[in-house]
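Colleague: For reference, this is query-v5.cif, and it has mmCIF, N, CA and C atoms.
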data_my_file
loop_
_atom_site.label_atom_id
_atom_site.label_comp_id
_atom_site.auth_asym_id
_atom_site.auth_seq_id
_atom_site.Cartn_x
_atom_site.Cartn_y
_atom_site.Cartn_z
N MET W 1 22.09 257.84 1.90
CA MET W 1 22.82 258.81 1.10
C MET W 1 23.81 259.53 2.01
N ASP W 2 25.03 259.71 1.57
CA ASP W 2 26.06 260.43 2.30
C ASP W 2 25.89 261.92 2.00
N CYS W 3 25.26 262.65 2.92
CA CYS W 3 24.94 264.06 2.69
C CYS W 3 26.19 264.93 2.52
N ALA W 4 27.28 264.56 3.18
CA ALA W 4 28.51 265.35 3.08
C ALA W 4 29.07 265.34 1.66
N ASN W 5 28.80 264.29 0.92
CA ASN W 5 29.31 264.17 -0.44
C ASN W 5 28.22 264.32 -1.50
N TYR W 6 27.05 264.77 -1.11
CA TYR W 6 25.94 264.91 -2.05
C TYR W 6 26.18 266.11 -2.96
N ARG W 7 26.29 265.86 -4.25
CA ARG W 7 26.63 266.89 -5.22
C ARG W 7 25.49 267.26 -6.14
N GLY W 8 24.29 266.76 -5.86
CA GLY W 8 23.15 267.02 -6.74
C GLY W 8 22.92 268.49 -7.06
N PRO W 9 22.87 269.36 -6.06
CA PRO W 9 22.64 270.78 -6.36
C PRO W 9 23.73 271.40 -7.23
N LEU W 10 24.96 271.04 -7.00
CA LEU W 10 26.06 271.56 -7.81
C LEU W 10 25.97 271.07 -9.25
N ILE W 11 25.66 269.80 -9.42
CA ILE W 11 25.53 269.22 -10.76
C ILE W 11 24.36 269.87 -11.50
N ALA W 12 23.22 270.03 -10.82
CA ALA W 12 22.04 270.65 -11.44
C ALA W 12 22.34 272.10 -11.84
N ALA W 13 22.96 272.85 -10.95
CA ALA W 13 23.29 274.25 -11.24
C ALA W 13 24.28 274.35 -12.39
N ASP W 14 25.25 273.47 -12.44
CA ASP W 14 26.21 273.47 -13.54
C ASP W 14 25.51 273.21 -14.87
N TYR W 15 24.55 272.28 -14.87
CA TYR W 15 23.83 271.98 -16.11
C TYR W 15 23.01 273.18 -16.57
N VAL W 16 22.28 273.80 -15.64
CA VAL W 16 21.49 274.99 -15.99
C VAL W 16 22.41 276.08 -16.51
N THR W 17 23.54 276.26 -15.89
CA THR W 17 24.51 277.27 -16.30
C THR W 17 25.00 277.03 -17.73
N GLN W 18 25.20 275.78 -18.09
CA GLN W 18 25.62 275.44 -19.45
C GLN W 18 24.55 275.80 -20.47
N MET W 19 23.29 275.73 -20.06
CA MET W 19 22.18 275.97 -20.99
C MET W 19 21.85 277.46 -21.17
N VAL W 20 22.24 278.30 -20.22
CA VAL W 20 21.86 279.71 -20.25
C VAL W 20 23.12 280.58 -20.32
N PRO W 21 23.28 281.35 -21.39
CA PRO W 21 24.45 282.23 -21.49
C PRO W 21 24.51 283.22 -20.32
N GLU W 22 25.71 283.56 -19.95
CA GLU W 22 25.92 284.43 -18.78
C GLU W 22 25.15 285.74 -18.87
N ASP W 23 25.09 286.35 -20.05
CA ASP W 23 24.41 287.63 -20.19
C ASP W 23 22.88 287.52 -20.09
N ARG W 24 22.33 286.32 -20.06
CA ARG W 24 20.87 286.11 -19.96
C ARG W 24 20.44 285.67 -18.57
N ARG W 25 21.36 285.28 -17.73
CA ARG W 25 21.02 284.64 -16.45
C ARG W 25 20.18 285.52 -15.53
N GLN W 26 20.41 286.79 -15.50
CA GLN W 26 19.62 287.64 -14.62
C GLN W 26 18.18 287.82 -15.11
N HIS W 27 17.93 287.47 -16.36
CA HIS W 27 16.59 287.62 -16.95
C HIS W 27 15.76 286.33 -16.90
N VAL W 28 16.40 285.22 -16.62
CA VAL W 28 15.74 283.92 -16.64
C VAL W 28 15.00 283.68 -15.33
N ARG W 29 13.74 283.27 -15.44
CA ARG W 29 12.96 282.90 -14.24
C ARG W 29 13.17 281.42 -13.98
N VAL W 30 13.62 281.13 -12.76
CA VAL W 30 13.94 279.76 -12.36
C VAL W 30 13.02 279.33 -11.23
N MET W 31 12.46 278.12 -11.34
CA MET W 31 11.70 277.50 -10.26
C MET W 31 12.48 276.31 -9.75
N ASP W 32 12.76 276.32 -8.46
CA ASP W 32 13.45 275.22 -7.77
C ASP W 32 12.38 274.39 -7.06
N ILE W 33 12.06 273.23 -7.64
CA ILE W 33 11.03 272.34 -7.10
C ILE W 33 11.65 271.46 -6.02
N ALA W 34 10.92 271.28 -4.92
CA ALA W 34 11.42 270.52 -3.77
C ALA W 34 12.75 271.16 -3.32
N ALA W 35 12.70 272.45 -3.14
CA ALA W 35 13.89 273.28 -2.93
C ALA W 35 14.62 273.00 -1.63
N GLY W 36 13.93 272.43 -0.66
CA GLY W 36 14.59 272.10 0.60
C GLY W 36 15.20 273.31 1.25
N THR W 37 16.48 273.24 1.55
CA THR W 37 17.17 274.34 2.24
C THR W 37 17.76 275.36 1.27
N GLY W 38 17.57 275.17 -0.02
CA GLY W 38 18.00 276.17 -0.99
C GLY W 38 19.37 275.96 -1.60
N ALA W 39 19.86 274.75 -1.57
CA ALA W 39 21.21 274.49 -2.09
C ALA W 39 21.33 274.80 -3.58
N ILE W 40 20.33 274.46 -4.39
CA ILE W 40 20.40 274.76 -5.82
C ILE W 40 20.39 276.26 -6.02
N GLY W 41 19.51 276.95 -5.33
CA GLY W 41 19.43 278.41 -5.47
C GLY W 41 20.73 279.10 -5.13
N LEU W 42 21.39 278.64 -4.08
CA LEU W 42 22.68 279.22 -3.72
C LEU W 42 23.70 279.04 -4.85
N GLU W 43 23.74 277.85 -5.42
CA GLU W 43 24.68 277.57 -6.51
C GLU W 43 24.35 278.40 -7.75
N LEU W 44 23.06 278.50 -8.09
CA LEU W 44 22.65 279.29 -9.25
C LEU W 44 22.96 280.78 -9.03
N HIS W 45 22.72 281.25 -7.83
CA HIS W 45 22.99 282.65 -7.52
C HIS W 45 24.48 282.98 -7.69
N LYS W 46 25.34 282.07 -7.28
CA LYS W 46 26.78 282.26 -7.46
C LYS W 46 27.14 282.40 -8.93
N LYS W 47 26.31 281.84 -9.81
CA LYS W 47 26.60 281.82 -11.24
C LYS W 47 25.83 282.90 -11.99
N GLY W 48 25.21 283.84 -11.26
CA GLY W 48 24.59 285.00 -11.90
C GLY W 48 23.09 284.98 -12.04
N PHE W 49 22.41 283.94 -11.58
CA PHE W 49 20.95 283.90 -11.63
C PHE W 49 20.39 284.68 -10.44
N THR W 50 19.43 285.54 -10.70
CA THR W 50 18.88 286.38 -9.63
C THR W 50 17.37 286.27 -9.48
N ASN W 51 16.73 285.62 -10.41
CA ASN W 51 15.26 285.53 -10.40
C ASN W 51 14.86 284.08 -10.12
N ILE W 52 15.06 283.67 -8.87
CA ILE W 52 14.86 282.27 -8.47
C ILE W 52 13.71 282.18 -7.47
N ASP W 53 12.78 281.29 -7.74
CA ASP W 53 11.67 281.01 -6.83
C ASP W 53 11.79 279.57 -6.33
N ALA W 54 11.03 279.26 -5.28
CA ALA W 54 11.12 277.93 -4.67
C ALA W 54 9.74 277.37 -4.36
N LEU W 55 9.67 276.04 -4.42
CA LEU W 55 8.49 275.31 -3.96
C LEU W 55 8.97 274.16 -3.09
N ASP W 56 8.40 274.06 -1.91
CA ASP W 56 8.71 272.95 -1.00
C ASP W 56 7.58 272.88 0.03
N PRO W 57 7.19 271.68 0.45
CA PRO W 57 6.10 271.58 1.42
C PRO W 57 6.53 271.77 2.88
N SER W 58 7.82 271.74 3.15
CA SER W 58 8.30 271.73 4.53
C SER W 58 8.56 273.12 5.09
N GLU W 59 7.82 273.48 6.11
CA GLU W 59 8.00 274.78 6.76
C GLU W 59 9.42 274.91 7.31
N GLY W 60 9.93 273.85 7.92
CA GLY W 60 11.27 273.88 8.49
C GLY W 60 12.35 274.08 7.44
N MET W 61 12.24 273.37 6.32
CA MET W 61 13.20 273.53 5.23
C MET W 61 13.13 274.95 4.66
N LEU W 62 11.91 275.45 4.47
CA LEU W 62 11.76 276.78 3.90
C LEU W 62 12.28 277.87 4.82
N LYS W 63 12.24 277.63 6.11
CA LYS W 63 12.81 278.60 7.06
C LYS W 63 14.31 278.76 6.78
N VAL W 64 15.00 277.65 6.58
CA VAL W 64 16.43 277.69 6.26
C VAL W 64 16.64 278.32 4.89
N LEU W 65 15.82 277.94 3.92
CA LEU W 65 15.90 278.47 2.56
C LEU W 65 15.79 279.99 2.56
N LYS W 66 14.83 280.54 3.30
CA LYS W 66 14.64 281.99 3.35
C LYS W 66 15.89 282.70 3.84
N GLU W 67 16.63 282.08 4.71
CA GLU W 67 17.84 282.69 5.26
C GLU W 67 18.95 282.83 4.22
N THR W 68 18.85 282.11 3.09
CA THR W 68 19.86 282.24 2.05
C THR W 68 19.79 283.60 1.38
N GLY W 69 18.58 284.17 1.32
CA GLY W 69 18.40 285.47 0.70
C GLY W 69 18.44 285.47 -0.82
N VAL W 70 18.42 284.30 -1.45
CA VAL W 70 18.53 284.26 -2.91
C VAL W 70 17.20 283.97 -3.61
N TYR W 71 16.16 283.67 -2.86
CA TYR W 71 14.87 283.34 -3.47
C TYR W 71 13.91 284.53 -3.41
N ASN W 72 13.11 284.65 -4.45
CA ASN W 72 12.10 285.70 -4.52
C ASN W 72 10.77 285.18 -3.98
N LEU W 73 10.02 284.47 -4.80
CA LEU W 73 8.75 283.89 -4.37
C LEU W 73 8.98 282.52 -3.78
N ILE W 74 8.26 282.23 -2.71
CA ILE W 74 8.39 280.93 -2.05
C ILE W 74 7.00 280.34 -1.87
N TYR W 75 6.82 279.16 -2.42
CA TYR W 75 5.54 278.44 -2.34
C TYR W 75 5.70 277.28 -1.38
N GLN W 76 4.89 277.27 -0.33
CA GLN W 76 4.89 276.13 0.59
C GLN W 76 3.75 275.22 0.18
N GLU W 77 4.06 274.28 -0.69
CA GLU W 77 3.06 273.37 -1.25
C GLU W 77 3.72 272.04 -1.61
N PHE W 78 2.89 271.03 -1.71
CA PHE W 78 3.32 269.76 -2.28
C PHE W 78 3.16 269.85 -3.79
N ILE W 79 4.01 269.19 -4.51
CA ILE W 79 3.81 269.02 -5.95
C ILE W 79 3.36 267.59 -6.15
N SER W 80 2.27 267.43 -6.89
CA SER W 80 1.68 266.11 -7.07
C SER W 80 1.02 266.05 -8.44
N GLN W 81 0.05 265.19 -8.59
CA GLN W 81 -0.67 265.11 -9.85
C GLN W 81 -1.66 266.26 -9.99
N ASP W 82 -1.91 267.00 -8.91
CA ASP W 82 -2.81 268.16 -8.94
C ASP W 82 -2.01 269.44 -9.16
N PRO W 83 -2.59 270.42 -9.87
CA PRO W 83 -1.87 271.67 -10.09
C PRO W 83 -1.57 272.41 -8.79
N THR W 84 -0.45 273.09 -8.77
CA THR W 84 -0.10 273.97 -7.65
C THR W 84 -0.77 275.32 -7.88
N THR W 85 -0.51 276.27 -7.02
CA THR W 85 -1.04 277.63 -7.20
C THR W 85 -0.17 278.47 -8.13
N ILE W 86 0.91 277.90 -8.61
CA ILE W 86 1.81 278.62 -9.52
C ILE W 86 1.10 278.81 -10.86
N PRO W 87 1.12 280.04 -11.39
CA PRO W 87 0.48 280.27 -12.69
C PRO W 87 1.14 279.47 -13.81
N GLU W 88 0.34 279.12 -14.79
CA GLU W 88 0.81 278.39 -15.96
C GLU W 88 1.80 279.24 -16.76
N ASP W 89 2.75 278.59 -17.41
CA ASP W 89 3.70 279.26 -18.32
C ASP W 89 4.48 280.38 -17.65
N THR W 90 5.02 280.12 -16.46
CA THR W 90 5.70 281.15 -15.68
C THR W 90 7.21 281.10 -15.79
N TYR W 91 7.80 279.92 -15.87
CA TYR W 91 9.24 279.77 -15.71
C TYR W 91 9.95 279.38 -17.00
N ASP W 92 11.17 279.91 -17.13
CA ASP W 92 12.05 279.53 -18.23
C ASP W 92 12.77 278.23 -17.90
N VAL W 93 13.09 278.05 -16.62
CA VAL W 93 13.82 276.87 -16.15
C VAL W 93 13.12 276.32 -14.92
N VAL W 94 12.89 275.02 -14.91
CA VAL W 94 12.39 274.32 -13.74
C VAL W 94 13.44 273.26 -13.40
N VAL W 95 13.89 273.28 -12.15
CA VAL W 95 14.97 272.39 -11.75
C VAL W 95 14.62 271.71 -10.43
N THR W 96 15.14 270.52 -10.24
CA THR W 96 14.97 269.80 -8.98
C THR W 96 16.13 268.83 -8.83
N THR W 97 16.40 268.46 -7.61
CA THR W 97 17.41 267.44 -7.36
C THR W 97 17.06 266.74 -6.05
N GLY W 98 17.29 265.45 -6.01
CA GLY W 98 17.02 264.67 -4.80
C GLY W 98 15.56 264.44 -4.52
N SER W 99 14.69 264.77 -5.46
CA SER W 99 13.26 264.66 -5.22
C SER W 99 12.58 263.56 -6.01
N LEU W 100 13.20 263.09 -7.04
CA LEU W 100 12.58 262.10 -7.92
C LEU W 100 12.88 260.69 -7.45
N LEU W 101 12.48 260.43 -6.23
CA LEU W 101 12.69 259.14 -5.59
C LEU W 101 11.35 258.50 -5.27
N HIS W 102 11.34 257.20 -5.11
CA HIS W 102 10.13 256.49 -4.74
C HIS W 102 9.54 257.10 -3.47
N SER W 103 8.28 257.39 -3.48
CA SER W 103 7.48 257.92 -2.38
C SER W 103 7.78 259.39 -2.06
N HIS W 104 8.59 260.06 -2.86
CA HIS W 104 8.82 261.49 -2.66
C HIS W 104 7.86 262.32 -3.50
N MET W 105 7.79 262.00 -4.77
CA MET W 105 6.99 262.78 -5.71
C MET W 105 6.42 261.82 -6.75
N PRO W 106 5.11 261.89 -7.00
CA PRO W 106 4.56 260.98 -8.01
C PRO W 106 5.04 261.36 -9.40
N VAL W 107 5.14 260.38 -10.27
CA VAL W 107 5.61 260.63 -11.63
C VAL W 107 4.70 261.65 -12.34
N GLN W 108 3.43 261.71 -11.95
CA GLN W 108 2.50 262.66 -12.55
C GLN W 108 2.88 264.12 -12.25
N ALA W 109 3.76 264.32 -11.30
CA ALA W 109 4.22 265.68 -11.00
C ALA W 109 4.95 266.29 -12.19
N MET W 110 5.46 265.44 -13.08
CA MET W 110 6.13 265.96 -14.28
C MET W 110 5.18 266.82 -15.11
N ASP W 111 3.88 266.49 -15.07
CA ASP W 111 2.89 267.31 -15.77
C ASP W 111 2.89 268.73 -15.21
N GLU W 112 3.09 268.88 -13.92
CA GLU W 112 3.13 270.20 -13.30
C GLU W 112 4.41 270.94 -13.68
N PHE W 113 5.52 270.24 -13.79
CA PHE W 113 6.77 270.85 -14.26
C PHE W 113 6.52 271.49 -15.63
N ILE W 114 5.86 270.75 -16.50
CA ILE W 114 5.58 271.23 -17.86
C ILE W 114 4.59 272.38 -17.83
N ARG W 115 3.54 272.27 -17.02
CA ARG W 115 2.50 273.31 -16.96
C ARG W 115 3.07 274.67 -16.57
N ILE W 116 4.01 274.69 -15.64
CA ILE W 116 4.53 275.98 -15.15
C ILE W 116 5.70 276.50 -15.98
N THR W 117 6.15 275.71 -16.96
CA THR W 117 7.25 276.12 -17.83
C THR W 117 6.69 276.88 -19.03
N LYS W 118 7.35 277.98 -19.39
CA LYS W 118 6.92 278.80 -20.52
C LYS W 118 7.01 278.01 -21.82
N PRO W 119 6.10 278.27 -22.75
CA PRO W 119 6.21 277.65 -24.08
C PRO W 119 7.55 278.01 -24.69
N GLY W 120 8.16 277.06 -25.38
CA GLY W 120 9.46 277.29 -25.99
C GLY W 120 10.58 276.81 -25.08
N SER W 121 10.36 276.89 -23.78
CA SER W 121 11.35 276.39 -22.83
C SER W 121 11.28 274.87 -22.76
N LYS W 122 10.12 274.33 -23.10
CA LYS W 122 9.88 272.90 -22.95
C LYS W 122 10.76 272.06 -23.87
N ASP W 123 11.13 272.61 -25.03
CA ASP W 123 11.91 271.80 -25.97
C ASP W 123 13.40 272.08 -25.89
N GLY W 124 13.80 272.92 -24.93
CA GLY W 124 15.21 273.23 -24.77
C GLY W 124 15.72 274.19 -25.82
N GLY W 125 14.85 274.70 -26.66
CA GLY W 125 15.30 275.59 -27.74
C GLY W 125 14.75 276.99 -27.63
N ALA W 126 14.42 277.44 -26.45
CA ALA W 126 13.84 278.78 -26.28
C ALA W 126 14.82 279.86 -26.75
N GLU W 127 14.30 280.86 -27.41
CA GLU W 127 15.13 281.97 -27.88
C GLU W 127 15.88 282.64 -26.73
N LEU W 128 15.31 282.59 -25.55
CA LEU W 128 15.93 283.20 -24.38
C LEU W 128 17.33 282.67 -24.15
N PHE W 129 17.57 281.43 -24.51
CA PHE W 129 18.85 280.79 -24.23
C PHE W 129 19.87 280.96 -25.35
N ARG W 130 19.50 281.65 -26.40
CA ARG W 130 20.42 281.79 -27.54
C ARG W 130 21.08 283.14 -27.54
#
Show the structure stored in the file as structure tokens.
Modeller:
Amino acid sequence: MDCANYRGPLIAADYVTQMVPEDRRQHVRVMDIAAGTGAIGLELHKKGFTNIDALDPSEGMLKVLKETGVYNLIYQEFISQDPTTIPEDTYDVVVTTGSLLHSHMPVQAMDEFIRITKPGSKDGGAELFR
């Protein structure tokens, strides 16, 4: 992958921005899964999101992520077929980029994405976004 031209975080942030009206962005809880160095969080923050949390297993990546200053809660954990320590029904938006690759994250991790997402957010029709 050509990292200099990698646009995943920008594309993901643009999509989330399209789904959430500007006047609601500061109220939306966002979880950045496999957050790495925080590129998605930086892009979301530029667009008015202020309640952003992160999950990533890498201490080194999270050290860089913390320096961005845009994340609130930071979970240093793997996401897998087993539940994380994140409480159920916590987030309005769960986002990831560059993580859904062979040997990065098991497909069963999608169950965890759903578990930590608030009811109503799962179908894309949550009142929060209207």
Colleague: W:Arg24, W:Ala34, W:Thr50, W:Asp92: which is nearest Gly120 in chain W, counting only N, CA and C atoms?
Modeller: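 Looking only at the distances to Gly120 in chain W, the closest residue turns out to be W:Asp92.
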Colleague: Please give the complete set of residues from chain W that DSSP, run on the backbone, assigns to alpha helix (DSSP H), formatted as a PyMOL selection string.
Modeller: chain W and resi 8-19+39-46+59-68+109-116
Colleague: Pick out the closest residue to Ile74 in chain W from this set: W:Asp89, W:Asp23, W:Glu59, W:Asp53. Count all atoms listed in the file.
Modeller: W:Asp53
Colleague: Could you check how far CA of Pro83 in chain W sits from CA of Leu55 in chain W, in Å to one decimal?
Modeller: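 CA of Leu55 in chain W lies at a distance of 12.6 Å from CA of Pro83 in chain W.
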Colleague: Starting from the shown file, work through the PyMOL selection byres ((chain W and resi 60-64) around 6) and note down what comes out as a PyMOL selection string.
Modeller: chain W and resi 36-38+58-59+65-68
Colleague: For a test of reading the model, state the distance in Å between CA of Leu10 in chain W and CA of Gly41 in chain W, rounded to one decimal.
Modeller: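 According to the coordinates, CA of Leu10 in chain W and CA of Gly41 in chain W are separated by 9.8 Å.
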Colleague: Given the choices W:Ala13, W:Val93, W:Asp111, W:Gly98, which gets closest to Met31 in chain W if the distance is worked out from all atoms listed in the file?
Modeller: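 Among W:Ala13, W:Val93, W:Asp111, W:Gly98, it is W:Val93 that comes nearest to Met31 in chain W.
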